[in-house]
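*Asks:* My structure file query.cif, mmCIF, C-alpha atoms, is below:
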```
data_run
#
loop_
_atom_site.label_atom_id
_atom_site.label_comp_id
_atom_site.auth_asym_id
_atom_site.auth_seq_id
_atom_site.Cartn_x
_atom_site.Cartn_y
_atom_site.Cartn_z
CA MET A 1 24.72 -82.83 -68.92
CA ARG A 2 28.26 -84.26 -69.00
CA GLN A 3 29.35 -81.75 -66.39
CA ALA A 4 26.44 -82.59 -64.07
CA GLY A 5 26.61 -86.34 -64.74
CA CYS A 6 22.98 -86.76 -63.83
CA ILE A 7 20.07 -84.52 -62.93
CA GLN A 8 17.19 -85.76 -60.83
CA PHE A 9 13.76 -86.24 -62.35
CA ASP A 10 10.65 -85.30 -60.43
CA PRO A 11 7.18 -85.34 -62.05
CA VAL A 12 5.76 -82.35 -60.14
CA ASP A 13 5.25 -79.42 -62.50
CA VAL A 14 4.44 -76.14 -60.76
CA CYS A 15 6.73 -73.79 -62.69
CA GLY A 16 8.63 -76.47 -64.63
CA ARG A 17 9.75 -79.95 -63.63
CA ASN A 18 12.92 -80.30 -61.59
CA ALA A 19 15.11 -81.41 -64.52
CA GLU A 20 13.87 -78.50 -66.63
CA LEU A 21 14.42 -76.05 -63.77
CA THR A 22 17.94 -77.40 -63.28
CA LEU A 23 18.78 -76.70 -66.92
CA GLN A 24 17.07 -73.31 -67.15
CA SER A 25 19.37 -71.95 -64.45
CA ARG A 26 22.46 -73.08 -66.39
CA VAL A 27 21.65 -72.90 -70.09
CA LYS A 28 20.95 -69.52 -71.68
CA ASP A 29 17.53 -69.36 -73.38
CA PHE A 30 16.76 -72.96 -72.38
CA LYS A 31 13.40 -74.26 -73.57
CA LYS A 32 11.59 -77.30 -72.19
CA THR A 33 11.40 -78.75 -75.69
CA MET A 34 15.21 -79.01 -75.71
CA LEU A 35 15.18 -81.65 -72.98
CA ARG A 36 12.34 -83.59 -74.60
CA GLU A 37 14.21 -83.60 -77.91
CA LEU A 38 17.44 -84.84 -76.32
CA LEU A 39 15.53 -87.59 -74.51
CA TYR A 40 12.96 -88.78 -77.01
CA GLU A 41 14.11 -87.65 -80.45
CA ASP A 42 17.90 -87.36 -80.51
CA ARG A 43 18.24 -90.13 -77.85
CA LYS A 44 21.34 -88.47 -76.43
CA LEU A 45 19.90 -88.78 -72.90
CA VAL A 46 18.01 -91.50 -71.02
CA ASP A 47 15.74 -91.68 -67.99
CA TYR A 48 17.13 -94.24 -65.55
CA VAL A 49 18.10 -94.75 -61.94
CA ASP A 50 21.18 -93.06 -60.43
CA LYS A 51 20.47 -90.56 -57.68
CA GLU A 52 16.86 -91.70 -57.47
CA LEU A 53 15.23 -91.55 -60.91
CA SER A 54 17.51 -89.36 -63.00
CA ILE A 55 18.36 -88.19 -66.51
CA TRP A 56 21.86 -88.77 -67.83
CA SER A 57 23.85 -89.16 -71.03
CA VAL A 58 23.27 -92.35 -73.00
CA GLU A 59 27.05 -92.71 -73.37
CA ASP A 60 27.13 -93.69 -69.66
CA TRP A 61 24.91 -96.72 -70.31
CA PRO A 62 27.76 -99.28 -70.03
CA TYR A 63 28.56 -98.15 -66.46
CA PHE A 64 25.16 -99.29 -65.23
CA VAL A 65 25.43 -102.89 -66.39
CA THR A 66 25.61 -104.13 -62.77
CA PHE A 67 22.33 -102.33 -62.02
CA ARG A 68 20.68 -104.11 -64.91
CA GLU A 69 22.17 -107.49 -64.03
CA ARG A 70 21.03 -107.09 -60.43
CA ALA A 71 17.53 -106.22 -61.63
CA LYS A 72 17.45 -109.28 -63.92
CA LYS A 73 18.52 -111.55 -61.06
CA MET A 74 15.85 -110.04 -58.83
CA GLY A 75 13.22 -110.40 -61.55
CA ASP A 76 13.99 -114.11 -61.84
CA THR A 77 12.72 -114.57 -58.26
CA PHE A 78 9.18 -113.43 -59.10
CA GLU A 79 6.88 -116.29 -60.02
CA GLY A 80 5.40 -116.04 -63.49
CA LEU A 81 7.40 -112.98 -64.49
CA HIS A 82 9.60 -114.81 -67.03
CA GLU A 83 6.59 -115.73 -69.19
CA LEU A 84 5.22 -112.19 -68.95
CA ARG A 85 8.60 -110.79 -70.02
CA GLU A 86 8.53 -112.82 -73.23
CA GLU A 87 4.90 -111.93 -73.92
CA ALA A 88 5.51 -108.20 -73.41
CA VAL A 89 8.67 -108.10 -75.56
CA ALA A 90 6.94 -109.98 -78.38
CA PHE A 91 3.99 -107.56 -78.31
CA ILE A 92 6.20 -104.46 -78.28
CA ARG A 93 8.39 -105.85 -81.04
CA ARG A 94 5.29 -106.25 -83.18
CA TYR A 95 3.23 -103.18 -82.27
CA GLY A 96 5.70 -100.60 -80.97
CA PRO A 97 5.60 -98.38 -77.86
CA VAL A 98 3.15 -99.23 -75.09
CA CYS A 99 2.10 -98.01 -71.67
CA SER A 100 0.61 -100.13 -68.90
CA ASP A 101 -2.91 -99.39 -70.21
CA THR A 102 -2.19 -100.51 -73.77
CA LEU A 103 -0.18 -103.68 -73.04
CA PRO A 104 -2.76 -106.51 -73.16
CA ILE A 105 -1.62 -108.35 -70.05
CA GLU A 106 -4.31 -108.76 -67.40
CA GLY A 107 -4.27 -109.58 -63.71
CA GLU A 108 -1.81 -108.99 -60.87
CA ILE A 109 1.44 -110.55 -59.75
CA TYR A 110 3.60 -110.36 -56.63
CA TRP A 111 6.42 -108.01 -57.52
CA HIS A 112 8.58 -105.13 -56.28
CA SER A 113 10.84 -102.85 -58.30
CA SER A 114 14.53 -103.62 -57.77
CA MET A 115 15.22 -100.00 -58.68
CA HIS A 116 13.96 -99.03 -55.24
CA TRP A 117 14.49 -102.36 -53.51
CA SER A 118 14.65 -102.06 -49.74
CA GLY A 119 13.86 -105.51 -48.40
CA ASN A 120 12.84 -108.99 -49.49
CA TRP A 121 9.09 -108.41 -49.46
CA GLN A 122 6.80 -108.38 -52.45
CA LYS A 123 3.41 -106.84 -53.05
CA LYS A 124 0.60 -107.47 -55.49
CA SER A 125 0.84 -105.14 -58.49
CA PRO A 126 -0.89 -104.89 -61.88
CA ALA A 127 0.88 -107.38 -64.13
CA ALA A 128 1.19 -105.03 -67.14
CA ARG A 129 2.79 -102.23 -65.16
CA SER A 130 5.04 -104.63 -63.24
CA VAL A 131 6.46 -106.36 -66.30
CA LEU A 132 7.08 -103.05 -68.10
CA GLU A 133 8.90 -101.56 -65.14
CA GLN A 134 10.88 -104.78 -64.66
CA LEU A 135 11.99 -104.84 -68.29
CA TYR A 136 12.83 -101.14 -68.06
CA THR A 137 14.95 -101.69 -64.95
CA GLU A 138 16.72 -104.58 -66.67
CA GLY A 139 17.53 -102.31 -69.63
CA GLU A 140 15.47 -104.30 -72.09
CA LEU A 141 13.14 -101.33 -72.50
CA ILE A 142 13.66 -97.58 -72.34
CA ILE A 143 11.11 -94.81 -72.01
CA HIS A 144 10.05 -93.97 -75.54
CA HIS A 145 8.10 -90.86 -74.56
CA LYS A 146 5.78 -89.49 -71.90
CA LYS A 147 2.28 -88.05 -71.97
CA GLY A 148 2.07 -86.04 -68.78
CA SER A 149 3.36 -88.47 -66.18
CA ARG A 150 2.39 -91.59 -68.16
CA LYS A 151 5.39 -93.48 -69.54
CA TYR A 152 5.44 -95.27 -72.88
CA TYR A 153 8.11 -97.95 -73.35
CA ASP A 154 9.87 -99.43 -76.35
CA LEU A 155 12.81 -101.78 -76.95
CA ALA A 156 16.17 -100.25 -76.02
CA GLU A 157 17.85 -101.98 -78.97
CA LYS A 158 15.87 -99.77 -81.39
CA TYR A 159 17.28 -96.52 -80.02
CA ILE A 160 20.61 -97.09 -78.29
CA PRO A 161 23.54 -97.70 -80.68
CA VAL A 162 24.82 -101.28 -80.58
CA ALA A 163 28.33 -100.07 -79.69
CA ILE A 164 26.90 -98.57 -76.49
CA LEU A 165 24.22 -101.16 -75.80
CA LYS A 166 26.63 -104.10 -76.02
CA ALA A 167 29.75 -102.35 -74.66
CA ASP A 168 31.77 -104.06 -71.95
CA ASN A 169 31.44 -102.82 -68.41
CA PRO A 170 34.17 -100.14 -67.97
CA CYS A 171 34.35 -100.98 -64.24
CA ILE A 172 36.28 -104.09 -63.28
CA ASP A 173 34.54 -104.43 -59.92
CA GLU A 174 32.09 -102.80 -57.51
CA PHE A 175 34.79 -100.56 -56.02
CA SER A 176 35.74 -99.07 -59.39
CA LEU A 177 32.03 -98.41 -60.08
CA THR A 178 31.68 -96.66 -56.73
CA THR A 179 34.79 -94.61 -57.50
CA TRP A 180 33.37 -93.55 -60.85
CA ARG A 181 30.01 -92.62 -59.30
CA VAL A 182 31.63 -90.60 -56.50
CA MET A 183 33.68 -88.57 -58.98
CA ARG A 184 30.50 -88.02 -61.00
CA ARG A 185 28.70 -86.68 -57.93
CA ILE A 186 31.64 -84.38 -57.13
CA GLY A 187 31.40 -83.01 -60.66
CA ALA A 188 27.65 -82.48 -60.29
CA VAL A 189 27.85 -80.51 -57.04
CA GLY A 190 31.19 -78.84 -57.86
CA LEU A 191 32.69 -79.30 -54.40
CA LEU A 192 31.98 -82.16 -52.00
CA TRP A 193 33.47 -82.63 -48.57
CA ASP A 194 34.86 -85.68 -46.81
CA LYS A 195 31.71 -86.21 -44.76
CA SER A 196 28.59 -88.31 -44.92
CA SER A 197 26.55 -86.54 -47.55
CA THR A 198 23.10 -86.80 -49.05
CA ALA A 199 24.84 -86.03 -52.35
CA PHE A 200 25.97 -89.68 -52.24
CA LEU A 201 22.38 -90.98 -52.04
CA GLY A 202 22.07 -94.28 -53.89
CA ILE A 203 25.73 -95.18 -53.34
CA ASP A 204 26.17 -97.66 -50.47
CA MET A 205 29.17 -95.98 -48.89
CA LYS A 206 30.20 -95.96 -45.24
CA ALA A 207 32.91 -93.60 -43.90
CA ASP A 208 35.79 -96.06 -44.40
CA LEU A 209 34.81 -96.71 -48.01
CA ARG A 210 34.32 -93.01 -48.69
CA LYS A 211 37.82 -92.20 -47.42
CA LYS A 212 39.26 -95.05 -49.46
CA VAL A 213 37.51 -93.83 -52.62
CA LEU A 214 38.63 -90.22 -52.11
CA SER A 215 42.18 -91.40 -51.44
CA GLU A 216 42.16 -93.52 -54.61
CA LEU A 217 40.84 -90.64 -56.73
CA SER A 218 43.40 -88.25 -55.22
CA ALA A 219 46.28 -90.66 -55.84
CA ALA A 220 45.17 -91.00 -59.47
CA ASP A 221 45.03 -87.17 -59.72
CA LYS A 222 41.37 -87.28 -60.70
CA ILE A 223 40.34 -85.02 -57.84
CA LYS A 224 42.06 -82.28 -55.84
CA PHE A 225 41.28 -80.93 -52.41
CA VAL A 226 40.79 -77.40 -51.19
CA MET A 227 40.27 -76.00 -47.70
CA VAL A 228 37.59 -73.44 -46.91
CA GLU A 229 38.37 -70.87 -44.27
CA GLY A 230 36.66 -71.72 -40.98
CA ILE A 231 35.92 -75.35 -41.95
CA LYS A 232 38.31 -78.14 -40.98
CA THR A 233 36.95 -80.75 -43.39
CA PRO A 234 38.62 -80.84 -46.84
CA PHE A 235 36.54 -80.29 -49.96
CA TYR A 236 37.19 -82.05 -53.27
CA TYR A 237 36.72 -81.01 -56.88
CA ARG A 238 37.53 -82.77 -60.14
CA THR A 239 40.99 -82.17 -61.57
CA GLU A 240 39.41 -81.50 -64.97
CA ASP A 241 37.66 -78.50 -63.38
CA GLU A 242 40.91 -76.95 -62.11
CA THR A 243 41.15 -74.38 -64.90
CA LEU A 244 37.61 -73.26 -64.12
CA MET A 245 38.45 -73.09 -60.41
CA LYS A 246 41.53 -70.93 -61.05
CA ASN A 247 39.68 -68.66 -63.46
CA ILE A 248 36.96 -68.03 -60.91
CA LEU A 249 39.45 -67.28 -58.15
CA ILE A 250 41.44 -64.91 -60.37
CA GLU A 251 38.57 -63.26 -62.24
CA SER A 252 35.81 -63.27 -59.61
CA ALA A 253 36.04 -59.51 -59.05
CA ASP A 254 35.54 -58.88 -62.77
CA LEU A 255 32.62 -61.27 -63.28
CA LYS A 256 29.24 -59.62 -63.71
CA PRO A 257 26.85 -61.13 -61.13
CA ARG A 258 23.97 -63.12 -62.58
CA MET A 259 20.72 -64.06 -60.86
CA SER A 260 19.25 -67.55 -61.17
CA PHE A 261 16.30 -69.41 -59.67
CA ILE A 262 17.54 -72.84 -58.56
CA ALA A 263 15.58 -76.12 -58.79
CA PRO A 264 14.61 -77.78 -55.47
CA LEU A 265 16.58 -80.94 -56.38
CA ASP A 266 19.38 -79.17 -58.25
CA PRO A 267 22.79 -80.87 -57.79
CA LEU A 268 23.94 -77.70 -56.05
CA LEU A 269 21.39 -78.44 -53.30
CA TRP A 270 21.99 -82.17 -52.92
CA ASP A 271 23.84 -81.61 -49.65
CA LYS A 272 21.88 -79.03 -47.69
CA ALA A 273 24.27 -79.29 -44.72
CA LEU A 274 27.14 -78.32 -47.03
CA ILE A 275 25.13 -75.37 -48.38
CA PHE A 276 24.41 -74.21 -44.83
CA ALA A 277 28.09 -74.55 -43.84
CA LEU A 278 29.35 -72.60 -46.86
CA TRP A 279 26.64 -69.95 -47.29
CA ASP A 280 24.64 -69.97 -44.05
CA PHE A 281 21.59 -70.64 -46.23
CA LYS A 282 19.02 -73.09 -44.88
CA TYR A 283 16.69 -74.47 -47.52
CA SER A 284 13.81 -76.84 -47.06
CA TRP A 285 11.59 -78.00 -49.90
CA GLU A 286 8.13 -77.50 -48.37
CA ILE A 287 6.08 -79.25 -51.04
CA TYR A 288 5.23 -82.08 -48.63
CA THR A 289 4.88 -79.83 -45.58
CA PRO A 290 1.29 -79.14 -44.43
CA ALA A 291 0.27 -75.62 -45.50
CA ALA A 292 -0.15 -74.42 -41.91
CA LYS A 293 3.44 -75.41 -41.10
CA ARG A 294 5.14 -73.90 -44.14
CA LYS A 295 7.53 -71.05 -43.47
CA TYR A 296 7.60 -70.00 -47.12
CA GLY A 297 5.63 -71.47 -50.01
CA TYR A 298 4.54 -74.73 -51.61
CA TYR A 299 7.22 -74.66 -54.32
CA THR A 300 9.85 -72.06 -53.48
CA LEU A 301 13.09 -71.82 -55.45
CA PRO A 302 16.36 -70.54 -53.93
CA ILE A 303 17.74 -67.40 -55.57
CA VAL A 304 21.45 -67.19 -56.37
CA TYR A 305 22.93 -63.79 -57.20
CA GLY A 306 26.62 -63.66 -57.98
CA ASP A 307 28.30 -65.97 -55.46
CA ARG A 308 25.57 -65.82 -52.78
CA PHE A 309 22.19 -67.27 -51.94
CA VAL A 310 20.17 -64.08 -51.54
CA GLY A 311 16.62 -65.33 -51.09
CA ARG A 312 13.84 -67.57 -52.35
CA ILE A 313 10.86 -67.09 -54.62
CA GLU A 314 7.51 -68.73 -55.35
CA ALA A 315 6.41 -68.04 -58.93
CA VAL A 316 3.50 -69.86 -60.56
CA PRO A 317 2.54 -69.45 -64.22
CA ASP A 318 -1.07 -68.79 -65.17
CA ARG A 319 -0.81 -70.23 -68.65
CA ASN A 320 -4.39 -69.37 -69.59
CA ARG A 321 -3.58 -65.68 -69.20
CA GLY A 322 0.10 -65.97 -70.10
CA ALA A 323 1.17 -64.40 -66.80
CA LEU A 324 3.82 -65.44 -64.30
CA HIS A 325 2.32 -64.86 -60.87
CA VAL A 326 4.94 -64.18 -58.17
CA LYS A 327 3.19 -65.27 -54.97
CA GLY A 328 6.09 -64.66 -52.63
CA LEU A 329 9.63 -63.30 -52.48
CA TRP A 330 11.76 -63.62 -49.36
CA TRP A 331 15.20 -61.97 -49.16
CA GLU A 332 17.84 -63.33 -46.83
CA PRO A 333 18.78 -61.21 -43.77
CA GLY A 334 21.29 -58.51 -44.63
CA ILE A 335 20.49 -58.37 -48.36
CA ARG A 336 20.30 -54.74 -49.46
CA GLN A 337 17.76 -53.69 -52.09
CA THR A 338 20.20 -52.08 -54.51
CA LYS A 339 19.45 -50.90 -58.02
CA ALA A 340 21.71 -53.64 -59.39
CA LEU A 341 19.89 -56.32 -57.38
CA ASN A 342 16.44 -55.16 -58.46
CA SER A 343 17.58 -54.92 -62.07
CA ALA A 344 18.93 -58.48 -61.91
CA LEU A 345 15.62 -59.64 -60.39
CA GLU A 346 13.60 -58.08 -63.22
CA LYS A 347 15.83 -59.73 -65.80
CA ALA A 348 15.61 -63.11 -64.04
CA LEU A 349 11.81 -62.86 -63.81
CA GLY A 350 11.59 -61.98 -67.49
CA GLY A 351 13.65 -65.05 -68.43
CA PHE A 352 11.67 -67.26 -66.06
CA ALA A 353 8.38 -66.01 -67.49
CA LYS A 354 9.59 -66.83 -71.01
CA PHE A 355 10.72 -70.28 -69.82
CA ASN A 356 7.13 -70.85 -68.61
CA ASP A 357 5.56 -69.48 -71.83
CA CYS A 358 4.35 -66.32 -70.08
CA LYS A 359 4.47 -62.80 -71.50
CA THR A 360 3.88 -60.79 -68.35
CA VAL A 361 4.88 -60.89 -64.68
CA GLU A 362 2.46 -60.15 -61.84
CA LYS A 363 3.76 -59.57 -58.29
CA GLU A 364 2.05 -59.82 -54.94
CA PHE A 365 5.00 -58.26 -53.08
#
```
Write out the structure in this file as structure tokens.
*Replies:*
Amino acid sequence: MRQAGCIQFDPVDVCGRNAELTLQSRVKDFKKTMLRELLYEDRKLVDYVDKELSIWSVEDWPYFVTFRERAKKMGDTFEGLHELREEAVAFIRRYGPVCSDTLPIEGEIYWHSSMHWSGNWQKKSPAARSVLEQLYTEGELIIHHKKGSRKYYDLAEKYIPVAILKADNPCIDEFSLTTWRVMRRIGAVGLLWDKSSTAFLGIDMKADLRKKVLSELSAADKIKFVMVEGIKTPFYYRTEDETLMKNILIESADLKPRMSFIAPLDPLLWDKALIFALWDFKYSWEIYTPAAKRKYGYYTLPIVYGDRFVGRIEAVPDRNRGALHVKGLWWEPGIRQTKALNSALEKALGGFAKFNDCKTVEKEF
């Protein structure tokens, strides 16, 4: 989690939610319960905004103080919200975690989440849900647990250590915060180029600011650049990852290739233009594409084998029968069906079945 900085949360669960899929491709023998424990028992991680709604280490809480202050300022503009804040906090302090259905606040108010604020308009929303989300965005509440997609909230002060909760903002101004977030995104993807990138989503950064940030980080020796043959734009990686970079370059021939199924919103895929430029692999998440227009499947996952994207797979667990049903497998052009490749596929499918609590694998191909 520290290496990635943040991983995106998405509630859709076809063969695991995005955050779980992101971790299963990186952590040997990862189980979904591990993430739930880190979030809602150990409290080492939190759900909060970063690149959209994300999951990140609680130790990064002080960096997001400007987010919370901005949310508080925005909340003060909504009529009647101040009284509802006090009422909700008092109820939670007395009775513990609540969801919008169990918080006894009736009616509707004009409100809009500052977490996804994109204008000065407001809309009528259920008062209980609005006040909970507002307090959550302000950092007064955190997500205590989830039942399915339903969120239960409790007071942040009960779970986040005071030293973290009350820590000073490590960033002296907006520029230093942007610099910290850019380096975090570079660490998540591994390499990022000096171009407009969807990997910077959520960071308000035009070309001039991006160049200034990269220059500042380079001058401070926090990032280093590398050129890729055939591409004129420089790529940047974190200086702290230099040993890893050198080891890979030196030992790549000796590394045993491993196959992984990659989450649709995995940090590796945040910049699809970069992926296409480096690997000639074009990926589109077709979950919102009408069925008749899909080229592949509803929830296909890219397949990485060794240092290449070799294909994509659609695998759906039938949990009643304990079987992982592989509905589709599409190899990239030029990929040879070798014994080593097929062996790696069988091993990857076995691990993916176990991840989805399945004992067998059924294939349509």
*Asks:* Could you name the residues that touch stretch 51-62 of chain A at 7 Å or less, counting all atoms listed in the file, but leaving out those on the same chain fewer than 5 positions away, as a PyMOL selection string?
*Replies:* chain A and resi 1-2+5-9+44-46+164+167-170+201-202
*Asks:* Find the residues near A:Val304: any atom within 10 Å, counting only C-alpha atoms, skip ones fewer than 2 places away on the same chain, and give them as a list in words.
*Replies:* Ser25, Pro257, Arg258, Met259, Ser260, Phe261, Ile262, Leu301, Pro302, Gly306, Asp307, Arg308, Phe309, Val310, Gly311 and Arg312 of chain A
*Asks:* Could those residues be written to a file, using C-alpha atoms, as a tab-separated table (two decimals), in the coordinates of the input?
*Replies:*
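Written out: result00.tsv:
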```
chain	number	residue	atom	x	y	z
A	25	SER	CA	19.37	-71.95	-64.45
A	257	PRO	CA	26.85	-61.13	-61.13
A	258	ARG	CA	23.97	-63.12	-62.58
A	259	MET	CA	20.72	-64.06	-60.86
A	260	SER	CA	19.25	-67.55	-61.17
A	261	PHE	CA	16.30	-69.41	-59.67
A	262	ILE	CA	17.54	-72.84	-58.56
A	301	LEU	CA	13.09	-71.82	-55.45
A	302	PRO	CA	16.36	-70.54	-53.93
A	306	GLY	CA	26.62	-63.66	-57.98
A	307	ASP	CA	28.30	-65.97	-55.46
A	308	ARG	CA	25.57	-65.82	-52.78
A	309	PHE	CA	22.19	-67.27	-51.94
A	310	VAL	CA	20.17	-64.08	-51.54
A	311	GLY	CA	16.62	-65.33	-51.09
A	312	ARG	CA	13.84	-67.57	-52.35
```
*Asks:* Given 3 Å on each side, where is the centre and what are the edge lengths in Å to one decimal of the axis-aligned box enclosing the listed atoms of stretch 328-337 of chain A, as lines of an AutoDock Vina configuration file?
*Replies:*
```
center_x = 13.7
center_y = -59.2
center_z = -48.2
size_x = 21.2
size_y = 17.0
size_z = 14.9
```
*Asks:* Stretch 153-161 of chain A: which residues within 8 Å, counting all atoms listed in the file, same-chain residues fewer than 2 positions away excluded, as a compact mmCIF listing (two decimals) with C-alpha atoms, in the frame of the given file?
*Replies:*
```
# COMPACT_ATOMS: atom_id res chain seq x y z
CA ARG A 43 18.24 -90.13 -77.85
CA VAL A 58 23.27 -92.35 -73.00
CA VAL A 89 8.67 -108.10 -75.56
CA ILE A 92 6.20 -104.46 -78.28
CA ARG A 93 8.39 -105.85 -81.04
CA GLY A 96 5.70 -100.60 -80.97
CA PRO A 97 5.60 -98.38 -77.86
CA VAL A 98 3.15 -99.23 -75.09
CA CYS A 99 2.10 -98.01 -71.67
CA LEU A 132 7.08 -103.05 -68.10
CA TYR A 136 12.83 -101.14 -68.06
CA GLY A 139 17.53 -102.31 -69.63
CA GLU A 140 15.47 -104.30 -72.09
CA LEU A 141 13.14 -101.33 -72.50
CA ILE A 142 13.66 -97.58 -72.34
CA ILE A 143 11.11 -94.81 -72.01
CA HIS A 144 10.05 -93.97 -75.54
CA HIS A 145 8.10 -90.86 -74.56
CA LYS A 151 5.39 -93.48 -69.54
CA ALA A 163 28.33 -100.07 -79.69
CA ILE A 164 26.90 -98.57 -76.49
CA LEU A 165 24.22 -101.16 -75.80
```
*Asks:* Considering only C-alpha atoms, can you say which of A:Ala207, A:Ser252, A:Ala4, A:Val226 comes closest to A:Thr22?
*Replies:*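 Once distances to A:Thr22 are computed over only C-alpha atoms, the minimum belongs to A:Ala4.
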*Asks:* How would you write, as a list in words, the residues chosen by the PyMOL selection byres ((chain A and resi 270) around 10) on this structure?
*Replies:*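 Selected by the PyMOL selection byres ((chain A and resi 270) around 10) here: Gln8, Lys51, Arg185, Ala188, Val189, Ser197, Thr198, Ala199, Phe200, Leu201, Pro264, Leu265, Asp266, Pro267, Leu268, Leu269, Asp271, Lys272, Ala273, Leu274 and Ile275 of chain A.
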*Asks:* How about saving the chosen residues, C-alpha atoms kept, as a compact mmCIF listing (two decimals), keeping the file's coordinate frame?
*Replies:*
```
# COMPACT_ATOMS: atom_id res chain seq x y z
CA GLN A 8 17.19 -85.76 -60.83
CA LYS A 51 20.47 -90.56 -57.68
CA ARG A 185 28.70 -86.68 -57.93
CA ALA A 188 27.65 -82.48 -60.29
CA VAL A 189 27.85 -80.51 -57.04
CA SER A 197 26.55 -86.54 -47.55
CA THR A 198 23.10 -86.80 -49.05
CA ALA A 199 24.84 -86.03 -52.35
CA PHE A 200 25.97 -89.68 -52.24
CA LEU A 201 22.38 -90.98 -52.04
CA PRO A 264 14.61 -77.78 -55.47
CA LEU A 265 16.58 -80.94 -56.38
CA ASP A 266 19.38 -79.17 -58.25
CA PRO A 267 22.79 -80.87 -57.79
CA LEU A 268 23.94 -77.70 -56.05
CA LEU A 269 21.39 -78.44 -53.30
CA ASP A 271 23.84 -81.61 -49.65
CA LYS A 272 21.88 -79.03 -47.69
CA ALA A 273 24.27 -79.29 -44.72
CA LEU A 274 27.14 -78.32 -47.03
CA ILE A 275 25.13 -75.37 -48.38
```
*Asks:* Using the incomplete input, complete stretch 44-60 of chain A to the level of N, CA and C atoms; output as a compact mmCIF listing (two decimals), keeping the file's coordinate frame.
*Replies:*
```txt
# COMPACT_ATOMS: atom_id res chain seq x y z
N LYS A 44 20.04 -88.74 -77.02
CA LYS A 44 21.34 -88.47 -76.43
C LYS A 44 21.31 -88.67 -74.91
N LEU A 45 20.09 -88.62 -74.34
CA LEU A 45 19.90 -88.78 -72.90
C LEU A 45 18.92 -89.91 -72.64
N VAL A 46 18.96 -90.46 -71.43
CA VAL A 46 18.01 -91.50 -71.02
C VAL A 46 17.49 -91.20 -69.62
N ASP A 47 16.27 -91.69 -69.35
CA ASP A 47 15.74 -91.68 -67.99
C ASP A 47 16.12 -93.03 -67.36
N TYR A 48 16.78 -92.98 -66.22
CA TYR A 48 17.13 -94.24 -65.55
C TYR A 48 17.54 -93.90 -64.12
N VAL A 49 17.71 -94.94 -63.34
CA VAL A 49 18.10 -94.75 -61.94
C VAL A 49 19.55 -94.27 -61.83
N ASP A 50 19.83 -93.41 -60.87
CA ASP A 50 21.18 -93.06 -60.43
C ASP A 50 21.02 -92.46 -59.04
N LYS A 51 20.87 -91.15 -58.95
CA LYS A 51 20.47 -90.56 -57.68
C LYS A 51 18.96 -90.46 -57.72
N GLU A 52 18.28 -91.50 -57.23
CA GLU A 52 16.86 -91.70 -57.47
C GLU A 52 16.67 -91.81 -58.99
N LEU A 53 15.46 -91.53 -59.48
CA LEU A 53 15.23 -91.55 -60.91
C LEU A 53 15.87 -90.29 -61.50
N SER A 54 16.71 -90.48 -62.49
CA SER A 54 17.51 -89.36 -63.00
C SER A 54 17.50 -89.34 -64.53
N ILE A 55 18.12 -88.31 -65.07
CA ILE A 55 18.36 -88.19 -66.51
C ILE A 55 19.85 -88.04 -66.70
N TRP A 56 20.43 -88.86 -67.59
CA TRP A 56 21.86 -88.77 -67.83
C TRP A 56 22.19 -89.15 -69.27
N SER A 57 23.42 -88.95 -69.65
CA SER A 57 23.85 -89.16 -71.03
C SER A 57 23.85 -90.64 -71.39
N VAL A 58 23.34 -90.96 -72.57
CA VAL A 58 23.27 -92.35 -73.00
C VAL A 58 24.66 -92.98 -73.10
N GLU A 59 25.70 -92.16 -73.26
CA GLU A 59 27.05 -92.71 -73.37
C GLU A 59 27.50 -93.36 -72.05
N ASP A 60 26.80 -93.08 -70.94
CA ASP A 60 27.13 -93.69 -69.66
C ASP A 60 26.44 -95.03 -69.45
```
